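Novice: Have a look at this one.
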Amino acid sequence: MSVRSSNKDLSDKNHSATPHGVMPHGVMLASRLYRLFKGHIKYMRLGTKLHALVMFSVFVPLFISLALFNIYVTSTMSSRSRATAVHSFDLLYAVLSNNFDYIHRNVTTLQIDASARELLQYGLDTQPALSQTKIKSHVNTLVSFIENRNIWNMRLLMYVSDANDFILDNTTYFPIKSVSEDQWYQSLVSKPYKNTWQYEKGDETLSYLVRVCKPADYYETMSILRITFAENLLRDTLANSLPMTKGSQILLEDDGHIITCASSGESVVETALGIPGEQFSTVTWSDVVIGGTRYQALARAFRQNPWRLIMLIPYGAKYNSVLDDRQWASILISALVCGVGIFVISVLFSRRISHRVSIVSNHMRNLKNGALQPLPNATEGDELGTLVESYNYLTEELKMLTIAQKLAAENQKKAEMKALMAQINPHFLYNTLEMINYYAYESKPEEVERIVELLSRFYRLCLNRGSDIGDLAGEIKLTEAYHSIQNIRYRGAITLVIDVPNNLLGASVPNIILQPIVENAIKHGVLKKTDPKGTIKITASEDGPDLIIQVTDNGVGMSAERLTQVSHGLQLANDMSVGGSHYGLKNIRERLIAYYGRGYGLSFKSPPDGDWTDSGVTVTIRLKKGEQPAP
């Protein structure tokens, strides 16, 4: 038994070490996707899971079937469309080639005719009038025969020597000197060959030009045959052969320049450079990119002229062709309607199961945010009904507990505010009574009377009719009363400047927030100077939804280390070891945070901004503008 067991273990180890035991990359990827999906679906609602399951079960097989169906049908239709396009292209090429060959062949026939050659190459000025009439009549018959084909409104024009003035009629026969300055004439006679095809954009006409030379001198032009046909009629012929695919184009081009074109869309290519296909007999497809659009191109050159016929079909059109077919569109719509119907029925059935669970789940989620809303009474006596009754009992208990906690918190907050307010008044009262005692001892009753009056006004403003909130104007009056008392004590050494816009005087602010800052500026700023005199400036401004109040002095200022200590000291609620003399500032900061929350309070800068002083300290108070603080 032990031998067999050992052999089996060894076999298992060898099997696991073989490449067959290694997990393929596809399986590993599928495993990762499953774990990722499992992690997301873990937190989905029950109704969402049911809906997702129904949607996955209905629409995934439906879309896969439609996709395979679309690929099959599109491939078939693409092959048919391609064959149809090639057939249309071949027919159009045959029509154009026959017309061009007809023009070339009949002009050649006209040139070799004896009477026509006599007229074009030698001239009729030496012939008798009767002979000239016979020759003209014969040539007119040939011209009528050629024009009778009516190819794109074709006309045959002859430009002959001025010596043939007998036959000039400005209808078929024209003097050659009348066109000697025209661009097409100059282009023709400047080239060594005797015939050419041209397109005049200004006249919107296509021309086949033949130069008839003097027999003894091929460089001298005796006459010109010019066959013209309308470009718009040629364009109509191209348009009648366009494929049904949107955006398809048929071009007639010469060395990359578009002569005429027809398109089933709005955009038309501007050049045919880079499109292969120079052979006369074979037809080949090629992929080209023109103007950022990929096309399947079919090009073929003509034997009779230097032009090429090109057909362009947008490359992606074959994939969309199934959507343009009404039969396939009907099948697609019917399948989607059936899928949506199955999905709706399944969703309605699943909602009957998950709706009550969703209601309880939503109320439980809102319960975490403090929303104590009872559920409707249960109408069914199942497990969910018991859960609803238990939830309603819990919310009632939590409501009572929340009300009790709110009352306790409000009472505690009011007690803390009153304690903070009570910490300011005795400190200032002690200094003022000491000053009254001093002036009474010095027998200066008028000063004592003035101080008592200011002190009375100061405490009347401090009381603020029992409210902790006042306006900025009252706070400035309280600070002015305090300043007047201090100026009596320090014999007018301190100047108070108020620079507050009238529209901000009515802003709501906590009571007694400026006086402790002014007191600190006097005691630790102005009076610390060698010459204990100085100015304290109070300004106010708006910063979006916030009200900014700044108290600036031109006292001795603070070093960076001391500024850090003071700021740090204001952030420690119970540490009086650092900045203990700034207890009033700490009191203000704690009240502002209690009123408005974190982000509001006091900040310090030394030296302050501005050009009226290069020393001192600026204390900035930030609070919410126009918002009544919570009591």
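Chain labels A, B, ... are given in the sequence in which chains occur in the structure tokens; within each chain residues are numbered consecutively from 1, and ligands are likewise numbered from 1 in the order shown.
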Hey, what's within 10 Å of Ile167 (chain A) if we count only C-alpha atoms and toss same-chain stuff fewer than 3 positions away? As an MDAnalysis selection string, please?
Specialist: chainID A and resid 119 124 132:133 135:137 160 162:164 170 172:175
Novice: Please return as a list in words: the residues of region 216-263 of chain A that backbone DSSP assigns to helix (DSSP H, G or I).
Specialist: Glu231, Asn232, Leu233, Leu234, Arg235, Asp236, Thr237, Leu238 and Ala239 of chain A
Novice: Keeping C-alpha atoms, export the residues of the selection given above as a tab-separated table (two decimals), in the first residue's frame.
Specialist:
```
chain	number	residue	atom	x	y	z
A	231	GLU	CA	-20.19	68.39	-69.72
A	232	ASN	CA	-23.52	68.35	-67.82
A	233	LEU	CA	-24.95	65.69	-70.15
A	234	LEU	CA	-21.82	63.59	-69.70
A	235	ARG	CA	-22.19	64.00	-65.91
A	236	ASP	CA	-25.79	62.76	-66.18
A	237	THR	CA	-24.54	59.63	-67.92
A	238	LEU	CA	-22.11	59.05	-65.06
A	239	ALA	CA	-24.83	59.63	-62.46
```
Novice: Counting only C-alpha atoms, what is within 8 Å of Asn305 (chain A), bar same-chain residues fewer than 2 positions away, as a list in words?
Specialist: Phe100, Thr196, Trp197, Phe302, Arg303 and Trp307 of chain A
Novice: Kindly save the residues from that selection, with C-alpha atoms included, as a PDB file, in the first residue's frame.
Specialist:
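Produced file again_33.pdb, reproduced below:
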```pdb
ATOM      1  CA  PHE A 100     -15.180  58.375 -77.822  1.00  0.00           C
ATOM      2  CA  THR A 196      -5.996  66.319 -78.303  1.00  0.00           C
ATOM      3  CA  TRP A 197      -8.878  66.265 -75.811  1.00  0.00           C
ATOM      4  CA  PHE A 302      -9.482  54.830 -72.426  1.00  0.00           C
ATOM      5  CA  ARG A 303      -7.717  54.030 -75.650  1.00  0.00           C
ATOM      6  CA  TRP A 307      -8.703  60.148 -69.640  1.00  0.00           C
TER       7      TRP A 307
END
```
Novice: As a ChimeraX atom specification, please: the residues near region 510-526 of chain A (cut-off 6 Å, only C-alpha atoms, same-chain neighbours under 3 positions excluded).
Specialist: /A:468-470,479,529,532-534,555-556,584,588
Novice: Could those selected residues go to a file with C-alpha atoms, as an mmCIF file, in the first residue's frame?
Specialist:
```cif
data_model
loop_
_atom_site.group_PDB
_atom_site.id
_atom_site.type_symbol
_atom_site.label_atom_id
_atom_site.label_comp_id
_atom_site.auth_asym_id
_atom_site.auth_seq_id
_atom_site.Cartn_x
_atom_site.Cartn_y
_atom_site.Cartn_z
ATOM 1 C CA ASP A 468 -24.852 86.799 21.098
ATOM 2 C CA ILE A 469 -25.278 88.123 17.538
ATOM 3 C CA GLY A 470 -25.219 91.733 16.395
ATOM 4 C CA THR A 479 -14.645 99.060 19.669
ATOM 5 C CA LYS A 529 7.354 100.702 20.156
ATOM 6 C CA PRO A 532 4.503 104.329 22.001
ATOM 7 C CA LYS A 533 2.233 105.921 19.439
ATOM 8 C CA GLY A 534 0.498 104.296 16.528
ATOM 9 C CA GLY A 555 3.241 98.424 15.961
ATOM 10 C CA VAL A 556 6.437 96.456 16.440
ATOM 11 C CA GLY A 584 -8.798 86.865 24.025
ATOM 12 C CA ILE A 588 -12.649 84.650 19.402
#
```
Novice: For Lys399 (chain A), which residue out of A:Leu387, A:Leu367, A:Leu309, A:Leu336 is the nearest one, using only C-alpha atoms?
Specialist: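 Closest to Lys399 (chain A), using only C-alpha atoms: A:Leu367.
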Novice: Between CA of Lys368 (chain A) and CA of Leu348 (chain A), what distance in Å does the model show, to one decimal?
Specialist: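 So the answer is 29.7 Å.
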Novice: What's the 12 Å shell around Ala371 (chain A), counting only C-alpha atoms, without same-chain residues fewer than 4 positions away, as number ranges by chain?
Specialist: A: 362-367, 375, 395-396, 398-399, 402
Novice: Measuring atom to atom with only C-alpha atoms, identify which of A:Ile476, A:Ser207, A:Ile451, A:Ser358 is nearest to Tyr438 (chain A).
Specialist: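 Smallest distance to Tyr438 (chain A) is found for A:Ile451.
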Novice: Find the distance between CA of Arg591 (chain A) and CA of Lys537 (chain A) and write it in Å to one decimal.
Specialist: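 Separation between CA of Arg591 (chain A) and CA of Lys537 (chain A): 22.9 Å.
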Novice: Need to verify the contact set: Ala473 (chain A), 7 Å, only C-alpha atoms, exclusion of same-chain residues closer than 4 positions in sequence. Can you return it as a PyMOL selection string?
Specialist: chain A and resi 477+505-506
Novice: Based on the selection just made, write N, CA and C atoms of those residues as a PDB file, in the first residue's frame.
Specialist:
```pdb
ATOM      1  N   LYS A 477     -18.994 100.356  16.994  1.00  0.00           N
ATOM      2  CA  LYS A 477     -19.267 101.324  18.069  1.00  0.00           C
ATOM      3  C   LYS A 477     -18.684 100.846  19.392  1.00  0.00           C
ATOM      4  N   LEU A 505     -22.125  97.396   6.845  1.00  0.00           N
ATOM      5  CA  LEU A 505     -22.339  97.719   8.252  1.00  0.00           C
ATOM      6  C   LEU A 505     -23.472  96.900   8.858  1.00  0.00           C
ATOM      7  N   GLY A 506     -24.412  96.460   8.058  1.00  0.00           N
ATOM      8  CA  GLY A 506     -25.523  95.677   8.584  1.00  0.00           C
ATOM      9  C   GLY A 506     -25.267  94.181   8.605  1.00  0.00           C
TER      10      GLY A 506
END
```
Novice: Please measure the separation of CA of Gly557 (chain A) and CA of Ser615 (chain A), giving the value in Å to one decimal.
Specialist: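 For CA of Gly557 (chain A) relative to CA of Ser615 (chain A), the distance reads 5.5 Å.
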